[in-house]
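Data block for final.txt (compact mmCIF, C-alpha atoms and all ligand atoms):
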```
# COMPACT_ATOMS: atom_id res chain seq x y z
CA MET A 1 -11.07 18.87 8.20
CA ASN A 2 -13.26 15.74 8.47
CA PRO A 3 -12.20 12.28 7.15
CA GLU A 4 -14.40 12.54 4.05
CA ALA A 5 -12.84 15.88 3.08
CA TYR A 6 -9.39 14.35 3.59
CA ARG A 7 -10.41 11.37 1.42
CA GLN A 8 -11.51 13.67 -1.38
CA LEU A 9 -8.26 15.67 -1.22
CA ALA A 10 -6.16 12.48 -1.15
CA VAL A 11 -8.06 11.19 -4.22
CA ASP A 12 -7.56 14.47 -6.12
CA ILE A 13 -3.84 14.61 -5.42
CA ALA A 14 -3.31 10.88 -6.10
CA GLN A 15 -5.03 11.23 -9.48
CA GLU A 16 -2.96 14.27 -10.42
CA ALA A 17 0.24 12.54 -9.27
CA GLY A 18 -0.71 9.34 -11.09
CA GLU A 19 -1.17 11.24 -14.32
CA LEU A 20 2.34 12.68 -13.96
CA ALA A 21 3.72 9.17 -13.33
CA ARG A 22 1.91 7.81 -16.39
CA GLN A 23 3.16 10.63 -18.61
CA ARG A 24 6.74 10.29 -17.38
CA ARG A 25 6.63 6.56 -18.09
CA ALA A 26 5.30 7.21 -21.60
CA ALA A 27 8.13 9.72 -22.12
CA GLY A 28 10.67 7.12 -20.99
CA VAL A 29 11.60 8.80 -17.70
CA ALA A 30 11.74 5.57 -15.77
CA LEU A 31 15.46 4.99 -15.52
CA ALA A 32 16.14 3.25 -12.28
CA ALA A 33 18.90 3.70 -9.72
CA THR A 34 19.30 0.90 -7.22
CA LYS A 35 18.99 1.70 -3.50
CA SER A 36 19.82 -1.09 -1.03
CA THR A 37 19.65 -4.11 -3.38
CA LEU A 38 18.94 -4.97 -7.05
CA ALA A 39 15.18 -5.04 -6.38
CA ASP A 40 15.19 -1.84 -4.30
CA ILE A 41 15.09 0.85 -6.95
CA VAL A 42 14.03 4.45 -7.40
CA THR A 43 13.29 6.23 -10.67
CA ASP A 44 13.45 9.94 -11.46
CA ALA A 45 9.67 9.75 -11.74
CA ASP A 46 9.36 8.54 -8.10
CA ARG A 47 11.16 11.71 -7.00
CA GLU A 48 9.20 14.03 -9.32
CA VAL A 49 5.86 12.54 -8.28
CA GLU A 50 6.71 12.83 -4.58
CA ALA A 51 7.75 16.48 -5.12
CA LEU A 52 4.42 17.21 -6.83
CA ILE A 53 2.50 15.70 -3.90
CA ARG A 54 4.61 17.60 -1.39
CA ASP A 55 4.05 20.90 -3.20
CA ARG A 56 0.30 20.35 -3.41
CA LEU A 57 0.15 19.59 0.33
CA ARG A 58 2.26 22.63 1.23
CA THR A 59 -0.35 24.76 -0.53
CA GLU A 60 -3.51 22.89 0.52
CA ARG A 61 -2.58 21.79 4.05
CA PRO A 62 0.30 23.97 5.32
CA GLY A 63 1.48 22.91 8.76
CA GLU A 64 0.58 19.23 8.40
CA GLY A 65 3.37 16.65 8.61
CA PHE A 66 4.77 14.57 5.76
CA LEU A 67 6.29 11.07 5.62
CA GLY A 68 7.37 10.09 2.11
CA GLU A 69 9.23 7.06 0.79
CA GLU A 70 11.77 9.16 -1.12
CA SER A 71 12.14 12.30 1.00
CA GLY A 72 11.59 11.06 4.56
CA THR A 73 9.81 12.79 7.42
CA SER A 74 8.98 16.45 8.06
CA ALA A 75 7.16 17.06 11.30
CA GLY A 76 4.15 19.36 11.09
CA ALA A 77 2.70 21.91 13.46
CA THR A 78 -0.39 19.72 13.99
CA ASP A 79 -0.88 16.02 14.82
CA ILE A 80 -1.81 15.20 11.20
CA THR A 81 0.70 13.45 8.90
CA TRP A 82 0.43 12.59 5.21
CA VAL A 83 2.04 9.23 4.45
CA ILE A 84 3.08 8.93 0.81
CA ASP A 85 4.39 6.29 -1.56
CA PRO A 86 4.71 8.21 -4.86
CA ILE A 87 4.98 5.03 -6.94
CA ASP A 88 4.24 1.77 -5.17
CA GLY A 89 5.38 -1.00 -7.48
CA THR A 90 8.47 0.78 -8.77
CA VAL A 91 9.95 -2.39 -10.26
CA ASN A 92 6.74 -2.90 -12.28
CA TYR A 93 6.80 0.77 -13.29
CA ALA A 94 10.41 0.67 -14.45
CA SER A 95 9.68 -2.50 -16.45
CA GLY A 96 6.53 -1.13 -18.13
CA ILE A 97 4.13 -3.37 -16.20
CA PRO A 98 0.99 -1.34 -15.47
CA LEU A 99 0.51 -2.61 -11.89
CA TYR A 100 1.73 0.41 -9.96
CA ALA A 101 -0.05 3.05 -7.92
CA VAL A 102 0.24 6.32 -6.06
CA SER A 103 -0.57 5.74 -2.39
CA ILE A 104 -1.62 8.64 -0.13
CA ALA A 105 -2.83 8.32 3.46
CA VAL A 106 -3.66 10.85 6.16
CA VAL A 107 -3.10 9.78 9.76
CA GLN A 108 -3.60 11.40 13.13
CA GLY A 109 -1.28 11.00 16.12
CA SER A 110 2.39 10.12 16.12
CA PRO A 111 3.41 8.86 12.65
CA ASP A 112 3.82 5.31 14.00
CA PRO A 113 1.56 2.63 12.49
CA ASP A 114 1.07 0.97 15.90
CA THR A 115 -0.59 4.05 17.35
CA TRP A 116 -1.72 6.34 14.55
CA VAL A 117 -5.40 6.71 13.66
CA PRO A 118 -5.83 6.58 9.86
CA LEU A 119 -8.28 9.23 8.70
CA ALA A 120 -8.34 8.65 4.95
CA GLY A 121 -6.47 6.96 2.13
CA ALA A 122 -6.33 6.78 -1.65
CA VAL A 123 -4.56 4.31 -3.93
CA HIS A 124 -4.69 5.38 -7.57
CA ALA A 125 -3.54 3.09 -10.40
CA PRO A 126 -3.32 5.45 -13.40
CA VAL A 127 -3.03 2.86 -16.16
CA LEU A 128 -5.95 0.84 -14.80
CA GLY A 129 -8.01 4.02 -14.33
CA GLU A 130 -8.87 2.81 -10.83
CA THR A 131 -8.89 4.79 -7.59
CA PHE A 132 -9.48 2.89 -4.35
CA SER A 133 -10.22 5.11 -1.37
CA ALA A 134 -11.63 5.18 2.14
CA ALA A 135 -12.49 7.60 4.92
CA ASN A 136 -12.43 6.44 8.53
CA GLY A 137 -16.00 5.38 9.35
CA GLY A 138 -17.17 6.15 5.82
CA GLY A 139 -16.60 2.85 3.97
CA ALA A 140 -14.35 2.04 1.03
CA GLN A 141 -14.84 2.64 -2.64
CA LEU A 142 -13.42 1.87 -6.07
CA ASN A 143 -13.92 5.01 -8.13
CA SER A 144 -17.42 5.91 -6.89
CA ARG A 145 -18.67 2.35 -6.21
CA ARG A 146 -18.76 0.84 -2.69
CA ILE A 147 -16.49 -2.20 -2.27
CA HIS A 148 -16.39 -5.07 0.22
CA VAL A 149 -13.92 -7.88 0.97
CA ALA A 150 -14.82 -11.36 -0.28
CA GLU A 151 -16.15 -13.95 2.13
CA PRO A 152 -13.98 -17.07 2.55
CA SER A 153 -14.86 -19.63 -0.10
CA ALA A 154 -14.82 -23.40 0.08
CA ALA A 155 -12.90 -23.39 -3.21
CA GLY A 156 -9.84 -22.01 -1.41
CA ALA A 157 -8.46 -18.51 -1.20
CA LEU A 158 -6.84 -16.55 -4.00
CA LEU A 159 -3.89 -15.06 -2.12
CA ALA A 160 -1.15 -12.54 -2.86
CA THR A 161 2.23 -11.98 -1.28
CA GLY A 162 5.46 -10.06 -1.77
CA PHE A 163 9.14 -10.70 -1.12
CA GLY A 164 11.64 -8.52 0.69
CA TYR A 165 14.45 -6.70 -1.08
CA ASP A 166 17.18 -8.47 0.88
CA PRO A 167 18.06 -11.81 -0.79
CA ALA A 168 18.90 -13.22 2.66
CA THR A 169 15.18 -13.12 3.49
CA HIS A 170 13.94 -15.02 0.45
CA ALA A 171 14.29 -18.56 1.85
CA GLY A 172 12.16 -17.61 4.85
CA ASP A 173 9.54 -15.96 2.64
CA LEU A 174 9.35 -19.06 0.43
CA ALA A 175 8.99 -21.31 3.48
CA THR A 176 5.99 -19.17 4.51
CA VAL A 177 4.51 -19.61 1.04
CA GLY A 178 4.86 -23.38 1.46
CA ARG A 179 2.92 -23.29 4.75
CA VAL A 180 0.12 -21.19 3.30
CA MET A 181 -0.38 -22.88 -0.08
CA PRO A 182 -2.64 -25.71 1.19
CA MET A 183 -5.41 -23.14 1.93
CA ALA A 184 -4.94 -21.38 -1.44
CA ARG A 185 -6.61 -21.78 -4.78
CA ASP A 186 -3.62 -19.92 -6.20
CA LEU A 187 -1.05 -17.28 -5.29
CA ARG A 188 -0.10 -13.95 -6.93
CA ARG A 189 3.00 -11.75 -6.53
CA GLY A 190 1.62 -8.55 -8.00
CA GLY A 191 4.50 -6.20 -7.16
CA SER A 192 2.56 -3.40 -5.44
CA ALA A 193 1.54 -3.87 -1.81
CA ALA A 194 -0.87 -0.92 -2.04
CA LEU A 195 -2.68 -2.57 -4.97
CA ASP A 196 -2.59 -6.01 -3.33
CA LEU A 197 -4.40 -4.49 -0.33
CA SER A 198 -6.82 -2.59 -2.57
CA PHE A 199 -7.61 -5.78 -4.49
CA VAL A 200 -8.35 -7.53 -1.17
CA ALA A 201 -10.71 -4.66 -0.30
CA ALA A 202 -12.48 -5.04 -3.66
CA GLY A 203 -12.93 -8.80 -3.18
CA ARG A 204 -10.63 -9.65 -6.09
CA LEU A 205 -8.12 -11.30 -3.78
CA ASP A 206 -9.17 -13.21 -0.66
CA GLY A 207 -6.06 -12.55 1.36
CA TYR A 208 -2.57 -11.05 1.41
CA PHE A 209 0.53 -11.68 3.50
CA GLU A 210 3.97 -10.07 3.36
CA ARG A 211 6.78 -9.51 5.82
CA GLY A 212 8.67 -6.27 6.23
CA LEU A 213 6.44 -3.62 4.61
CA GLN A 214 7.22 0.04 5.24
CA PRO A 215 4.51 2.39 6.59
CA TRP A 216 4.03 4.11 3.21
CA ASP A 217 3.41 0.72 1.54
CA PHE A 218 0.33 -0.04 3.66
CA ALA A 219 -0.90 3.24 5.25
CA ALA A 220 -3.66 3.85 2.68
CA GLY A 221 -4.31 0.22 1.68
CA SER A 222 -4.79 -1.00 5.26
CA LEU A 223 -7.55 1.57 5.91
CA ILE A 224 -9.19 0.69 2.59
CA VAL A 225 -9.24 -3.02 3.63
CA GLN A 226 -10.69 -2.20 7.06
CA GLU A 227 -13.34 0.13 5.66
CA ALA A 228 -14.26 -2.62 3.16
CA GLY A 229 -15.12 -4.86 6.12
CA GLY A 230 -11.81 -6.71 6.27
CA VAL A 231 -9.02 -7.12 8.78
CA PHE A 232 -5.48 -5.76 8.47
CA SER A 233 -3.14 -7.02 11.12
CA ARG A 234 0.56 -6.79 11.95
CA PRO A 235 1.34 -9.44 14.55
CA GLU A 236 4.76 -9.79 16.27
CA GLN A 237 5.48 -6.20 17.29
CA SER A 238 9.14 -6.90 18.04
CA ALA A 239 10.04 -8.80 14.83
CA ALA A 240 12.57 -7.12 12.54
CA ARG A 241 10.48 -8.03 9.50
CA ARG A 242 6.95 -7.96 10.77
CA MET A 243 4.23 -9.98 9.05
CA ASN A 244 1.36 -8.00 7.50
CA LEU A 245 -1.92 -9.85 6.95
CA ALA A 246 -5.13 -8.76 5.21
CA GLY A 247 -8.45 -10.33 4.25
CA ALA A 248 -11.84 -11.21 5.66
CA ALA A 249 -11.57 -12.10 9.36
CA GLY A 250 -11.77 -15.85 8.70
CA VAL A 251 -9.01 -15.71 6.09
CA VAL A 252 -6.68 -13.71 8.35
CA THR A 253 -7.29 -16.16 11.22
CA GLU A 254 -6.38 -19.07 8.95
CA LEU A 255 -3.29 -17.28 7.61
CA ARG A 256 -2.12 -16.60 11.18
CA ARG A 257 -2.68 -20.21 12.19
CA ARG A 258 -0.75 -21.62 9.25
CA ILE A 259 2.11 -19.12 9.37
CA PHE A 260 2.67 -18.95 13.12
CA ASP A 261 1.62 -22.37 14.38
CA ALA A 262 4.14 -23.87 12.02
CA GLU A 263 7.04 -21.68 13.19
C1 LIG B 301 7.28 -2.35 -2.84
C2 LIG B 301 6.06 -3.00 -3.43
C3 LIG B 301 6.21 -4.51 -3.42
C4 LIG B 301 6.46 -5.05 -2.05
C5 LIG B 301 7.63 -4.36 -1.41
C6 LIG B 301 7.43 -2.84 -1.44
P1 LIG B 301 7.96 0.10 -3.79
O1 LIG B 301 7.13 -0.93 -2.79
O2 LIG B 301 4.91 -2.66 -2.70
O3 LIG B 301 5.05 -5.17 -3.90
O4 LIG B 301 6.71 -6.44 -2.14
O5 LIG B 301 7.69 -4.81 -0.08
O6 LIG B 301 8.52 -2.19 -0.84
O7 LIG B 301 9.40 -0.02 -3.43
O8 LIG B 301 7.67 -0.33 -5.16
O9 LIG B 301 7.38 1.43 -3.44
```
Mind turning the file's structure into structure tokens?
Amino acid sequence: MNPEAYRQLAVDIAQEAGELARQRRAAGVALAATKSTLADIVTDADREVEALIRDRLRTERPGEGFLGEESGTSAGATDITWVIDPIDGTVNYASGIPLYAVSIAVVQGSPDPDTWVPLAGAVHAPVLGETFSAANGGGAQLNSRRIHVAEPSAAGALLATGFGYDPATHAGDLATVGRVMPMARDLRRGGSAALDLSFVAAGRLDGYFERGLQPWDFAAGSLIVQEAGGVFSRPEQSAARRMNLAGAAGVVTELRRRIFDAE
């Protein structure tokens, strides 16, 4: 199947899954169990939504691999893998904050972000009624409208970030914020990496930085940024909590300079 056909399928499934997430939230099925730390939670809806996506893919694309936040990896018979975050922004979701999204990506090659080739991605925010998507080589869109990253502005960049689940990492993350703030007009902590990346792609945010993302957090959003003319980069291959950077090329260069020159 070509990247555009994968994009369309990812959009269809993300919208169906997002509708289930929205309905389960409205019905109060958002009770959270903690995973590794207080901020690392899963709800029954995360599991139900991931199961729906898995079932749809078993029917539509039998034999293709699956990597999901809640159910892990199943190798496929081909070199295609679907990389899924059923609800990105689970803490927002559990708290009734509408900034959450279903993130679905399709990649080719080993399911390793350093070597895979992303073919397509969709990030669907059901409460916002917004679907960000991209096909490799085919550009990025919000619903059916083409989107593009913002150019760096003299007024300073509107940036977003996120913090790791492990409290031991928070001091380091806040020190990074301190190094970056002089280039910023302001800073957001939205609570969904997939939406942060999509907002960069749509030119709403100028840049994004966060250490320690998991592949399902950025698989779709990183392609959407790149297809919107931006840069997504993960420097420091050997770091335990790798930095993830996104924005127009000039913004990413400046983020790198401030974060790494100061270390
Ligand atoms: C989390 C969100 C959050 C980011 C974390 C992610 P989850 O994903 O994207 O914004 O700061 O790093 O793990 O757990 O809600 O799917």
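Closest to ligand LIG 301 (chain B) among A:Ile87, A:Val180, A:Val117, A:Ala134 is A:Ile87, based on all atoms listed in the file.
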Can you list, as a count of residues only, every protein, DNA or RNA residue that comes within 12 Å of stretch 22-27 of chain A when you count only C-alpha atoms, leaving out same-chain residues fewer than 3 positions away?
-> 36
Skipping near chain neighbours, those fewer than 5 positions away, what residues fall within 7 Å of A:Ala120 using only C-alpha atoms, listed as a PyMOL selection string?
-> chain A and resi 3+6-7+105-106+134-136
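By all atoms listed in the file, and with residues fewer than 6 positions from stretch 58-67 of chain A along its chain excluded, the set lying at most 6 Å from it is Thr73, Ser74, Ala75, Gly76, Ala77, Thr78, Ile80, Thr81, Trp82 and Val83 of chain A.
Residues within 12 Å of A:Asp173, counting all atoms listed in the file and excluding same-chain residues fewer than 2 positions away, are Thr161, Gly162, Phe163, Gly164, Tyr165, Asp166, Pro167, Ala168, Thr169, His170, Ala171, Ala175, Thr176, Val177, Gly178, Arg179, Val180, Phe209, Glu210, Arg211, Gly212, Arg241, Arg242, Met243 and Ile259 of chain A.
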C-alpha atoms of the current selection, written as a tab-separated table (two decimals), keeping the file's coordinate frame:
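Done, and the output landed in part_36.tsv:
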```
chain	number	residue	atom	x	y	z
A	161	THR	CA	2.23	-11.98	-1.28
A	162	GLY	CA	5.46	-10.06	-1.77
A	163	PHE	CA	9.14	-10.70	-1.12
A	164	GLY	CA	11.64	-8.52	0.69
A	165	TYR	CA	14.45	-6.70	-1.08
A	166	ASP	CA	17.18	-8.47	0.88
A	167	PRO	CA	18.06	-11.81	-0.79
A	168	ALA	CA	18.90	-13.22	2.66
A	169	THR	CA	15.18	-13.12	3.49
A	170	HIS	CA	13.94	-15.02	0.45
A	171	ALA	CA	14.29	-18.56	1.85
A	175	ALA	CA	8.99	-21.31	3.48
A	176	THR	CA	5.99	-19.17	4.51
A	177	VAL	CA	4.51	-19.61	1.04
A	178	GLY	CA	4.86	-23.38	1.46
A	179	ARG	CA	2.92	-23.29	4.75
A	180	VAL	CA	0.12	-21.19	3.30
A	209	PHE	CA	0.53	-11.68	3.50
A	210	GLU	CA	3.97	-10.07	3.36
A	211	ARG	CA	6.78	-9.51	5.82
A	212	GLY	CA	8.67	-6.27	6.23
A	241	ARG	CA	10.48	-8.03	9.50
A	242	ARG	CA	6.95	-7.96	10.77
A	243	MET	CA	4.23	-9.98	9.05
A	259	ILE	CA	2.11	-19.12	9.37
```
Close residues to ligand LIG 301 (chain B) using all atoms listed in the file, limit 7 Å, as an mmCIF file with C-alpha atoms, in the frame of the given file:
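Listed below is the output, pocket02.cif:
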```cif
data_model
loop_
_atom_site.group_PDB
_atom_site.id
_atom_site.type_symbol
_atom_site.label_atom_id
_atom_site.label_comp_id
_atom_site.auth_asym_id
_atom_site.auth_seq_id
_atom_site.Cartn_x
_atom_site.Cartn_y
_atom_site.Cartn_z
ATOM 1 C CA ASP A 40 15.190 -1.840 -4.300
ATOM 2 C CA ILE A 41 15.090 0.850 -6.950
ATOM 3 C CA ASP A 85 4.390 6.290 -1.560
ATOM 4 C CA ILE A 87 4.980 5.030 -6.940
ATOM 5 C CA ASP A 88 4.240 1.770 -5.170
ATOM 6 C CA GLY A 89 5.380 -1.000 -7.480
ATOM 7 C CA THR A 90 8.470 0.780 -8.770
ATOM 8 C CA VAL A 91 9.950 -2.390 -10.260
ATOM 9 C CA GLY A 162 5.460 -10.060 -1.770
ATOM 10 C CA PHE A 163 9.140 -10.700 -1.120
ATOM 11 C CA GLY A 164 11.640 -8.520 0.690
ATOM 12 C CA GLY A 190 1.620 -8.550 -8.000
ATOM 13 C CA GLY A 191 4.500 -6.200 -7.160
ATOM 14 C CA SER A 192 2.560 -3.400 -5.440
ATOM 15 C CA ALA A 193 1.540 -3.870 -1.810
ATOM 16 C CA ALA A 194 -0.870 -0.920 -2.040
ATOM 17 C CA GLY A 212 8.670 -6.270 6.230
ATOM 18 C CA LEU A 213 6.440 -3.620 4.610
ATOM 19 C CA GLN A 214 7.220 0.040 5.240
ATOM 20 C CA ASP A 217 3.410 0.720 1.540
#
```
Which is closest to A:Leu142 among A:Glu236, A:Val11, A:Asp114, A:Met181, if we use only C-alpha atoms?
-> A:Val11
Long-range neighbours of stretch 218-235 of chain A as an NGL selection string, 6 Å cut-off, all atoms listed in the file, 4 positions minimum in chain = :A and (104-105 or 121-122 or 134 or 139-140 or 147-149 or 194 or 197-198 or 201 or 243-249)
May I have the residues from that selection written out with C-alpha atoms, as a JSON list (two decimals), in the frame of the given file?
```
[["chain", "number", "residue", "atom", "x", "y", "z"],
["A", 104, "ILE", "CA", -1.62, 8.64, -0.13],
["A", 105, "ALA", "CA", -2.83, 8.32, 3.46],
["A", 121, "GLY", "CA", -6.47, 6.96, 2.13],
["A", 122, "ALA", "CA", -6.33, 6.78, -1.65],
["A", 134, "ALA", "CA", -11.63, 5.18, 2.14],
["A", 139, "GLY", "CA", -16.60, 2.85, 3.97],
["A", 140, "ALA", "CA", -14.35, 2.04, 1.03],
["A", 147, "ILE", "CA", -16.49, -2.20, -2.27],
["A", 148, "HIS", "CA", -16.39, -5.07, 0.22],
["A", 149, "VAL", "CA", -13.92, -7.88, 0.97],
["A", 194, "ALA", "CA", -0.87, -0.92, -2.04],
["A", 197, "LEU", "CA", -4.40, -4.49, -0.33],
["A", 198, "SER", "CA", -6.82, -2.59, -2.57],
["A", 201, "ALA", "CA", -10.71, -4.66, -0.30],
["A", 243, "MET", "CA", 4.23, -9.98, 9.05],
["A", 244, "ASN", "CA", 1.36, -8.00, 7.50],
["A", 245, "LEU", "CA", -1.92, -9.85, 6.95],
["A", 246, "ALA", "CA", -5.13, -8.76, 5.21],
["A", 247, "GLY", "CA", -8.45, -10.33, 4.25],
["A", 248, "ALA", "CA", -11.84, -11.21, 5.66],
["A", 249, "ALA", "CA", -11.57, -12.10, 9.36]]
```
Out of A:Ser133, A:Gln108, A:Ser153, A:Gln141, which residue has the shortest atom-to-atom distance to A:Met1 when counting all atoms listed in the file?
->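 Smallest separation from A:Met1 among the options: A:Gln108.
Closest approach to A:Gly68 from the set A:Ala21, A:Val107, A:Ile84, A:Leu205 is made by A:Ile84, with distances taken over all atoms listed in the file.
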So how far away is atom CA of A:Pro111 from atom CA of A:Glu69, in Å?
->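 Distance reported for this atom pair: 13.3 Å.
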For atom CA of A:Glu70 and atom CA of A:Ala160, quote the distance in Å rounded to one decimal.
-> 25.3 Å
For atom CA of A:Gly172 and atom CA of A:Arg256, determine how far apart the two atoms are, in Å to one decimal place.
->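 Atom CA of A:Arg256 lies 15.7 Å from atom CA of A:Gly172.
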